[in-house]
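See below for the structure under consideration.
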Amino acid sequence: MKFKKFGTTEQKVYDLVKPITDELGYYLWDVCYEKEGAVWHLYVFIDSDEGITIQDCERATEPINAIMDKEDPISQSYVLEIGSAGLERELVKEEHFEVCEGDTVKIRFIRDIDGKREIVAILAGADKNGVSVTLEDGTQKTFPLADIAYVRLYFEI
């Protein structure tokens, strides 16, 4: 696993959209610009302490659409999608780990570690050396980023 760094297009969009999401009271979780088949998609993921509803996505779409049309940071055609980061969102940026310290996460490893392919634990922090967690028995352990496939928030239903 590596911490995500924005590409040029994603950074431009992030810089344009962040003031809008801040003004609306949302946290801009992530921006992804990806090609799926023959179509480019621009995903803007938002969050708030109360969660995100369809109405929140609709409320954010109009001003984001307007700034994207005005500034035109992407020369080719694309599909814009505004959505929730989701309950079991993936943590991909250093700031995600900071915001989620103390939350329960699921870590999936690239290969078995101590006989396990994934664990559920309390996030204690993360940096370029690894992800630190508190295990169920209270012990703290740090796993190198190179051993991790992903880290997601975890909610037991």
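Going by the structure tokens order, chains are called A, B, ..., each with residues numbered from 1, while ligands are numbered from 1 in the order shown.
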Selection: 8 Å around range 104-108 of chain A, only C-alpha atoms, excl. self and same-chain fewer than 4 positions, as a VMD selection string
chain A and resid 117 to 123 148 to 155
Hey, could you make a per-residue contact list for range 46-124 of chain A against range 23-39 of chain A with 9 Å as the cut-off, showing the nearest pair of atoms and its distance in Å to one decimal, counting only C-alpha atoms, sorted by chain and number, as a Markdown table?
```
| residue | atom | partner | partner_atom | distance |
| --- | --- | --- | --- | --- |
| A:Ile46 | CA | A:Leu28 | CA | 4.7 |
| A:Asp47 | CA | A:Tyr27 | CA | 5.0 |
| A:Ser48 | CA | A:Tyr26 | CA | 5.1 |
| A:Asp49 | CA | A:Tyr26 | CA | 8.5 |
| A:Ile52 | CA | A:Tyr26 | CA | 8.7 |
| A:Asp56 | CA | A:Tyr26 | CA | 8.8 |
| A:Arg59 | CA | A:Leu24 | CA | 8.4 |
| A:Ala60 | CA | A:Leu24 | CA | 7.4 |
| A:Ser77 | CA | A:Val39 | CA | 8.1 |
| A:Tyr78 | CA | A:Val39 | CA | 6.6 |
| A:Val79 | CA | A:Val39 | CA | 7.6 |
| A:Ser84 | CA | A:Trp29 | CA | 8.6 |
| A:Ala85 | CA | A:Trp29 | CA | 6.6 |
| A:Val92 | CA | A:Asp30 | CA | 8.8 |
| A:Lys93 | CA | A:Asp30 | CA | 8.7 |
| A:His96 | CA | A:Trp29 | CA | 7.8 |
```
From a DSSP pass on the backbone, collect the residues of range 4-155 of chain A flagged as strand (DSSP E) and hand them back as a count of residues only.
62
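The residue that comes closest to Glu98 in chain A, out of A:Thr142, A:Ser132, A:Asn65, A:Ser75 and on the basis of only C-alpha atoms, is A:Ser132.
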What's around Lys128 in chain A at 12 Å? Count only C-alpha atoms, leave out sequence neighbours fewer than 2 positions away in its own chain, and write the answer as a PyMOL selection string.
chain A and resi 1-4+93-94+97+125-126+130-132+142-146
Chain A: residues DSSP assigns to alpha helix (DSSP H), reported as a PyMOL selection string:
chain A and resi 8-24+54-71+94-99
Quick one: write out the picked residues with C-alpha atoms as a JSON list (two decimals), in the first residue's frame?
```json
[["chain", "number", "residue", "atom", "x", "y", "z"],
["A", 8, "THR", "CA", -2.41, 16.84, -11.82],
["A", 9, "THR", "CA", -6.07, 16.66, -12.90],
["A", 10, "GLU", "CA", -7.24, 15.39, -9.52],
["A", 11, "GLN", "CA", -5.30, 18.13, -7.71],
["A", 12, "LYS", "CA", -6.81, 20.85, -9.93],
["A", 13, "VAL", "CA", -10.30, 19.51, -9.28],
["A", 14, "TYR", "CA", -9.63, 19.15, -5.54],
["A", 15, "ASP", "CA", -8.46, 22.77, -5.35],
["A", 16, "LEU", "CA", -11.59, 23.99, -7.21],
["A", 17, "VAL", "CA", -14.08, 21.84, -5.28],
["A", 18, "LYS", "CA", -12.73, 22.10, -1.71],
["A", 19, "PRO", "CA", -13.96, 25.66, -1.08],
["A", 20, "ILE", "CA", -17.43, 24.61, -2.26],
["A", 21, "THR", "CA", -17.61, 21.52, -0.05],
["A", 22, "ASP", "CA", -16.26, 23.52, 2.90],
["A", 23, "GLU", "CA", -18.93, 26.20, 2.38],
["A", 24, "LEU", "CA", -21.65, 23.55, 2.20],
["A", 54, "ILE", "CA", -28.83, 11.69, -1.75],
["A", 55, "GLN", "CA", -30.03, 15.23, -1.04],
["A", 56, "ASP", "CA", -26.52, 16.19, 0.10],
["A", 57, "CYS", "CA", -25.10, 14.85, -3.17],
["A", 58, "GLU", "CA", -27.72, 16.79, -5.14],
["A", 59, "ARG", "CA", -26.98, 19.94, -3.13],
["A", 60, "ALA", "CA", -23.26, 19.66, -3.91],
["A", 61, "THR", "CA", -23.70, 18.75, -7.58],
["A", 62, "GLU", "CA", -24.99, 22.11, -8.86],
["A", 63, "PRO", "CA", -22.16, 24.33, -7.53],
["A", 64, "ILE", "CA", -19.51, 21.73, -8.39],
["A", 65, "ASN", "CA", -20.90, 21.42, -11.92],
["A", 66, "ALA", "CA", -20.90, 25.21, -12.23],
["A", 67, "ILE", "CA", -17.24, 25.62, -11.20],
["A", 68, "MET", "CA", -16.16, 22.73, -13.43],
["A", 69, "ASP", "CA", -17.96, 24.32, -16.41],
["A", 70, "LYS", "CA", -16.52, 27.77, -15.65],
["A", 71, "GLU", "CA", -12.91, 26.72, -14.98],
["A", 94, "GLU", "CA", -2.37, 10.42, 5.30],
["A", 95, "GLU", "CA", -5.11, 12.82, 6.42],
["A", 96, "HIS", "CA", -7.66, 9.96, 6.26],
["A", 97, "PHE", "CA", -5.64, 8.08, 8.87],
["A", 98, "GLU", "CA", -5.42, 11.19, 11.06],
["A", 99, "VAL", "CA", -9.18, 11.80, 10.90]]
```
